[in-house]
file run-v2.cif (mmCIF, C-alpha atoms)
data_target
#
loop_
_atom_site.label_atom_id
_atom_site.label_comp_id
_atom_site.auth_asym_id
_atom_site.auth_seq_id
_atom_site.Cartn_x
_atom_site.Cartn_y
_atom_site.Cartn_z
CA MET B 1 5.75 -10.98 75.61
CA THR B 2 2.91 -10.64 73.13
CA SER B 3 1.01 -7.57 72.02
CA HIS B 4 -1.78 -8.07 74.55
CA ASP B 5 0.83 -8.06 77.34
CA VAL B 6 1.93 -4.48 76.63
CA SER B 7 0.97 -2.32 79.59
CA ALA B 8 -0.72 1.03 79.14
CA GLY B 9 2.38 2.69 80.60
CA SER B 10 4.56 1.41 77.76
CA ARG B 11 2.30 2.81 75.05
CA ILE B 12 2.79 6.40 74.03
CA ALA B 13 0.14 8.06 71.93
CA THR B 14 1.78 10.70 69.77
CA GLY B 15 -1.19 12.13 67.91
CA ALA B 16 -2.79 11.51 64.54
CA GLY B 17 -3.39 7.85 65.37
CA LEU B 18 0.32 7.12 65.89
CA VAL B 19 1.38 5.03 68.90
CA ILE B 20 4.96 4.22 69.83
CA ARG B 21 5.30 1.14 72.02
CA GLN B 22 7.67 -1.64 72.91
CA GLU B 23 8.03 -4.30 70.23
CA THR B 24 6.49 -7.70 70.99
CA THR B 25 7.09 -11.10 69.44
CA ASP B 26 3.82 -10.65 67.53
CA ASP B 27 5.45 -7.70 65.71
CA HIS B 28 8.49 -9.56 64.37
CA ARG B 29 7.07 -10.34 60.93
CA GLU B 30 5.90 -6.74 60.39
CA VAL B 31 9.21 -5.33 61.68
CA ARG B 32 11.06 -7.50 59.18
CA GLU B 33 8.84 -6.07 56.42
CA VAL B 34 9.46 -2.49 57.63
CA HIS B 35 13.22 -2.87 57.26
CA ALA B 36 13.05 -4.85 54.03
CA ARG B 37 11.02 -2.04 52.46
CA ALA B 38 12.82 0.88 54.14
CA PHE B 39 16.29 -0.36 53.18
CA GLY B 40 15.38 -2.14 49.92
CA ASP B 41 17.10 -5.27 51.20
CA SER B 42 15.16 -8.32 52.29
CA ASP B 43 18.00 -10.01 54.20
CA ARG B 44 20.85 -7.91 55.58
CA VAL B 45 19.12 -5.37 57.85
CA PRO B 46 16.21 -7.65 58.85
CA GLY B 47 18.80 -10.33 59.62
CA LEU B 48 20.73 -7.87 61.80
CA VAL B 49 17.57 -7.12 63.80
CA GLU B 50 16.89 -10.83 64.33
CA ALA B 51 20.48 -11.44 65.47
CA LEU B 52 20.52 -8.48 67.86
CA ARG B 53 17.26 -9.57 69.51
CA VAL B 54 18.85 -12.81 70.73
CA ALA B 55 22.52 -11.85 71.13
CA GLU B 56 24.03 -12.29 74.57
CA ALA B 57 25.01 -8.84 75.79
CA ALA B 58 25.62 -6.77 78.91
CA LEU B 59 22.58 -4.60 78.14
CA ALA B 60 19.25 -5.96 76.95
CA PRO B 61 18.09 -4.61 73.58
CA MET B 62 15.36 -1.98 73.54
CA SER B 63 13.08 -2.26 70.55
CA PHE B 64 10.18 0.08 69.72
CA VAL B 65 7.58 0.14 66.98
CA ALA B 66 5.48 2.93 65.53
CA VAL B 67 1.92 1.79 64.90
CA VAL B 68 -0.78 3.50 62.84
CA ASP B 69 -4.24 1.90 62.75
CA ASP B 70 -2.88 -1.40 64.13
CA ARG B 71 -0.18 -1.51 61.43
CA VAL B 72 3.54 -1.41 62.28
CA VAL B 73 4.96 1.33 60.07
CA GLY B 74 8.27 2.03 61.80
CA HIS B 75 10.85 0.45 64.08
CA VAL B 76 13.96 1.42 66.02
CA LEU B 77 16.39 -0.83 67.88
CA LEU B 78 18.89 0.00 70.60
CA SER B 79 21.43 -2.75 71.18
CA ALA B 80 24.43 -3.28 73.43
CA THR B 81 27.82 -2.09 72.24
CA ARG B 82 30.90 -0.94 74.11
CA LEU B 83 33.15 2.03 74.54
CA ASP B 84 36.83 1.20 75.03
CA ALA B 85 37.60 4.10 77.38
CA PRO B 86 41.02 4.66 79.02
CA ARG B 87 39.65 4.02 82.53
CA ARG B 88 37.53 0.93 81.72
CA ILE B 89 35.13 -0.62 79.22
CA VAL B 90 31.76 1.18 79.27
CA ASP B 91 28.51 -0.48 78.22
CA VAL B 92 26.74 1.78 75.72
CA LEU B 93 24.08 1.41 73.03
CA SER B 94 23.88 1.63 69.27
CA LEU B 95 20.76 3.06 67.64
CA SER B 96 20.46 0.88 64.57
CA PRO B 97 18.48 0.26 62.56
CA LEU B 98 15.81 2.93 62.32
CA GLY B 99 13.28 2.24 59.57
CA VAL B 100 9.94 3.61 58.41
CA VAL B 101 8.00 2.16 55.48
CA PRO B 102 8.26 4.46 52.43
CA GLU B 103 4.64 5.63 52.37
CA PHE B 104 4.92 6.86 55.98
CA GLN B 105 8.29 8.60 55.66
CA ARG B 106 8.64 12.38 56.01
CA GLN B 107 5.80 12.51 58.54
CA GLY B 108 7.90 12.77 61.70
CA ILE B 109 7.61 9.10 62.66
CA GLY B 110 11.36 8.50 62.59
CA THR B 111 11.91 11.61 64.70
CA GLN B 112 9.46 10.36 67.32
CA LEU B 113 11.05 6.90 67.34
CA VAL B 114 14.51 8.43 67.90
CA ALA B 115 13.22 10.66 70.71
CA HIS B 116 11.50 7.72 72.39
CA ALA B 117 14.62 5.56 72.08
CA LEU B 118 16.90 8.23 73.59
CA GLU B 119 14.47 8.81 76.45
CA ALA B 120 14.37 5.07 77.15
CA ALA B 121 18.17 4.80 77.10
CA ASP B 122 18.52 7.80 79.40
CA SER B 123 15.98 6.38 81.86
CA GLN B 124 18.09 3.19 82.06
CA GLY B 125 21.23 5.15 82.96
CA VAL B 126 22.98 4.46 79.66
CA PRO B 127 25.60 7.19 79.16
CA LEU B 128 26.00 7.14 75.37
CA VAL B 129 24.14 6.14 72.22
CA PHE B 130 26.08 5.86 68.97
CA LEU B 131 24.96 5.58 65.35
CA GLU B 132 25.98 5.92 61.74
CA GLY B 133 23.74 8.28 59.81
CA SER B 134 23.08 11.64 58.23
CA PRO B 135 24.35 14.50 60.39
CA HIS B 136 21.63 16.71 58.90
CA TYR B 137 18.92 14.34 60.13
CA TYR B 138 20.34 13.14 63.44
CA GLY B 139 22.08 16.42 64.30
CA THR B 140 18.68 17.96 65.04
CA ARG B 141 17.56 14.90 67.01
CA GLY B 142 20.02 14.82 69.89
CA PHE B 143 23.20 13.60 68.17
CA GLU B 144 26.52 15.29 67.42
CA GLY B 145 29.69 14.40 65.57
CA ALA B 146 31.39 11.76 67.71
CA GLY B 147 34.93 12.41 66.49
CA ALA B 148 34.76 16.06 67.46
CA VAL B 149 33.92 15.20 71.09
CA GLY B 150 36.58 12.57 71.75
CA PHE B 151 35.39 9.29 70.25
CA ARG B 152 37.11 7.05 67.71
CA SER B 153 35.25 5.18 65.01
CA PRO B 154 35.36 1.37 64.88
CA SER B 155 35.95 1.35 61.12
CA LEU B 156 37.75 3.39 58.47
CA ARG B 157 34.69 2.82 56.26
CA ILE B 158 32.45 5.05 58.39
CA PRO B 159 32.47 8.59 56.98
CA GLU B 160 33.55 11.01 59.70
CA ALA B 161 30.34 13.05 59.49
CA ALA B 162 28.19 9.91 59.82
CA PHE B 163 29.80 8.76 63.08
CA GLN B 164 27.58 10.32 65.74
CA VAL B 165 26.83 10.14 69.44
CA ALA B 166 24.18 11.29 71.89
CA ARG B 167 25.65 12.06 75.32
CA LEU B 168 22.99 11.28 77.93
CA SER B 169 22.60 12.21 81.62
CA ALA B 170 24.91 9.45 82.91
CA HIS B 171 27.79 10.50 80.64
CA GLU B 172 30.95 11.58 82.45
CA PRO B 173 33.86 13.52 80.92
CA TRP B 174 36.30 10.57 81.19
CA MET B 175 34.03 8.47 78.96
CA THR B 176 35.92 8.90 75.68
CA GLY B 177 37.68 6.35 73.51
CA THR B 178 36.90 3.87 70.78
CA PHE B 179 33.36 2.75 69.98
CA VAL B 180 33.11 -1.04 69.50
CA TYR B 181 30.21 -2.67 67.63
CA SER B 182 28.86 -6.03 68.75
CA GLU B 183 29.64 -9.11 66.63
CA ALA B 184 26.22 -9.10 64.93
CA PHE B 185 27.01 -5.83 63.10
CA TRP B 186 30.19 -7.33 61.64
CA ALA B 187 28.61 -10.70 60.84
CA HIS B 188 25.82 -8.98 58.85
CA ASP B 189 28.20 -6.49 57.18
CA CYS B 190 26.33 -3.53 58.69
CA VAL B 191 29.34 -1.37 59.57
CA GLY B 192 30.34 1.54 57.36
CA LEU B 193 30.11 1.85 53.61
CA ARG B 194 31.28 -0.72 51.08
CA ASP B 195 32.75 0.26 47.74
CA PRO B 196 29.78 -0.07 45.35
CA GLN B 197 32.11 -1.55 42.69
CA ASP B 198 33.10 -4.48 44.93
#
call {"tool": "encode", "arguments": {"input": "run-v2.cif", "output": "structure tokens"}}
result
Amino acid sequence: MTSHDVSAGSRIATGAGLVIRQETTDDHREVREVHARAFGDSDRVPGLVEALRVAEAALAPMSFVAVVDDRVVGHVLLSATRLDAPRRIVDVLSLSPLGVVPEFQRQGIGTQLVAHALEAADSQGVPLVFLEGSPHYYGTRGFEGAGAVGFRSPSLRIPEAAFQVARLSAHEPWMTGTFVYSEAFWAHDCVGLRDPQD
């Protein structure tokens, strides 16, 4: 799919010239630049995005860009992960990464990308979306501490407060257990915090 294939229904005007829409192959170079600049790392996070786009998974990735004046200034990716619940394995999503170029940060673009991503996941009947991030930021954007509501972290290196979940419409009370990242997160060392002295 290329940018001229995006239907009007998949474009969401959010005011002040900002449009949130589905990512297309034409956006890949700009999305790579968004994450390289947002995370200050030209390989790890952009490499994760590239791997998640093509990874075989039970759920197709959902990838959205924020565009201002025909420039991609933000990106969010939802990718397939799993919940190891007592009853059965549940297909869920991880919201990662979320990036906005520095000069467009603190303008609500990330908030709108998160809201759009959660709405898209909910509309697909996905019961849960997990992430690692600031509880102060994500706690006001539909997420809550995952440990406190019955979920176990996939790594001891994830600070308890950073391990968060959004319970969506399809969530059922029995859906608790251990969150399991897909292989791409491990292969790109994008799980938890590393000791900065290592």
call {"tool": "residues_around", "arguments": {"input": "run-v2.cif", "residues": "B:Glu144", "least_positions_apart": "6", "cutoff": "8 Å", "atoms": "only C-alpha atoms", "output": "count of residues only"}}
result
5
call {"tool": "atom_distance", "arguments": {"input": "run-v2.cif", "atom1": "atom CA of B:Asp27", "atom2": "atom CA of B:Leu93"}}
result
22.0 Å
call {"tool": "atom_distance", "arguments": {"input": "run-v2.cif", "atom1": "atom CA of B:Val126", "atom2": "atom CA of B:Ala57"}}
result
14.0 Å
call {"tool": "residues_around", "arguments": {"input": "run-v2.cif", "residues": "stretch 115-119 of chain B", "least_positions_apart": "2", "cutoff": "9 Å", "atoms": "all atoms listed in the file", "output": "list in words"}}
result
Ile12, Ile20, Met62, Ser63, Phe64, Val76, Leu77, Leu78, Leu95, Gly110, Thr111, Gln112, Leu113, Ala121, Asp122, Ser123, Gln124, Val129, Arg141, Gly142, Ala166 and Leu168 of chain B
call {"tool": "atom_distance", "arguments": {"input": "run-v2.cif", "atom1": "atom CA of B:Thr178", "atom2": "atom CA of B:Ala161"}}
result
16.0 Å
call {"tool": "closest_residue", "arguments": {"input": "run-v2.cif", "among": "B:Gly99, B:Gly108, B:Gly177, B:Pro61", "to": "B:Ala120", "atoms": "all atoms listed in the file"}}
result
B:Pro61
call {"tool": "closest_residue", "arguments": {"input": "run-v2.cif", "among": "B:Val100, B:Tyr137, B:Arg82, B:Ser182", "to": "B:Arg152", "atoms": "only C-alpha atoms"}}
result
B:Arg82
call {"tool": "residues_around", "arguments": {"input": "run-v2.cif", "residues": "B:Trp174", "least_positions_apart": "4", "cutoff": "9 Å", "atoms": "only C-alpha atoms", "output": "PyMOL selection string"}}
result
chain B and resi 85-87
call {"tool": "closest_residue", "arguments": {"input": "run-v2.cif", "among": "B:Ala38, B:Arg21, B:Glu33, B:Leu131", "to": "B:Arg167", "atoms": "all atoms listed in the file"}}
result
B:Leu131
call {"tool": "resolve_selection", "arguments": {"input": "run-v2.cif", "expression": "the PyMOL selection byres ((chain B and resi 159) around 10)", "output": "ChimeraX atom specification"}}
result
/B:132-134,153,155-158,160-163,192-193
call {"tool": "resolve_selection", "arguments": {"input": "run-v2.cif", "expression": "the PyMOL selection byres ((chain B and resi 81) around 12)", "output": "ChimeraX atom specification"}}
result
/B:52,55-61,78-80,82-84,89-96,126-131,154,178-185
call {"tool": "residues_near_point", "arguments": {"input": "run-v2.cif", "point": "(3.7, 4.4, 66.9)", "cutoff": "6 Å", "atoms": "only C-alpha atoms", "output": "MDAnalysis selection string"}}
result
chainID B and resid 18:20 65:67
call {"tool": "closest_residue", "arguments": {"input": "run-v2.cif", "among": "B:Val54, B:Ala36, B:Met175, B:Val149", "to": "B:Pro102", "atoms": "all atoms listed in the file"}}
result
B:Ala36
call {"tool": "closest_residue", "arguments": {"input": "run-v2.cif", "among": "B:Ile109, B:Ala146, B:Ala51, B:Leu98", "to": "B:Phe39", "atoms": "only C-alpha atoms"}}
result
B:Leu98
call {"tool": "closest_residue", "arguments": {"input": "run-v2.cif", "among": "B:Glu103, B:Thr176, B:His35, B:Gly74", "to": "B:Arg88", "atoms": "all atoms listed in the file"}}
result
B:Thr176
call {"tool": "axis_aligned_box", "arguments": {"input": "run-v2.cif", "around": "stretch 58-77 of chain B", "padding_each_side": "4 Å", "output": "JSON"}}
result
{"center_x": 10.7, "center_y": -1.6, "center_z": 69.5, "size_x": 37.9, "size_y": 18.3, "size_z": 26.8}
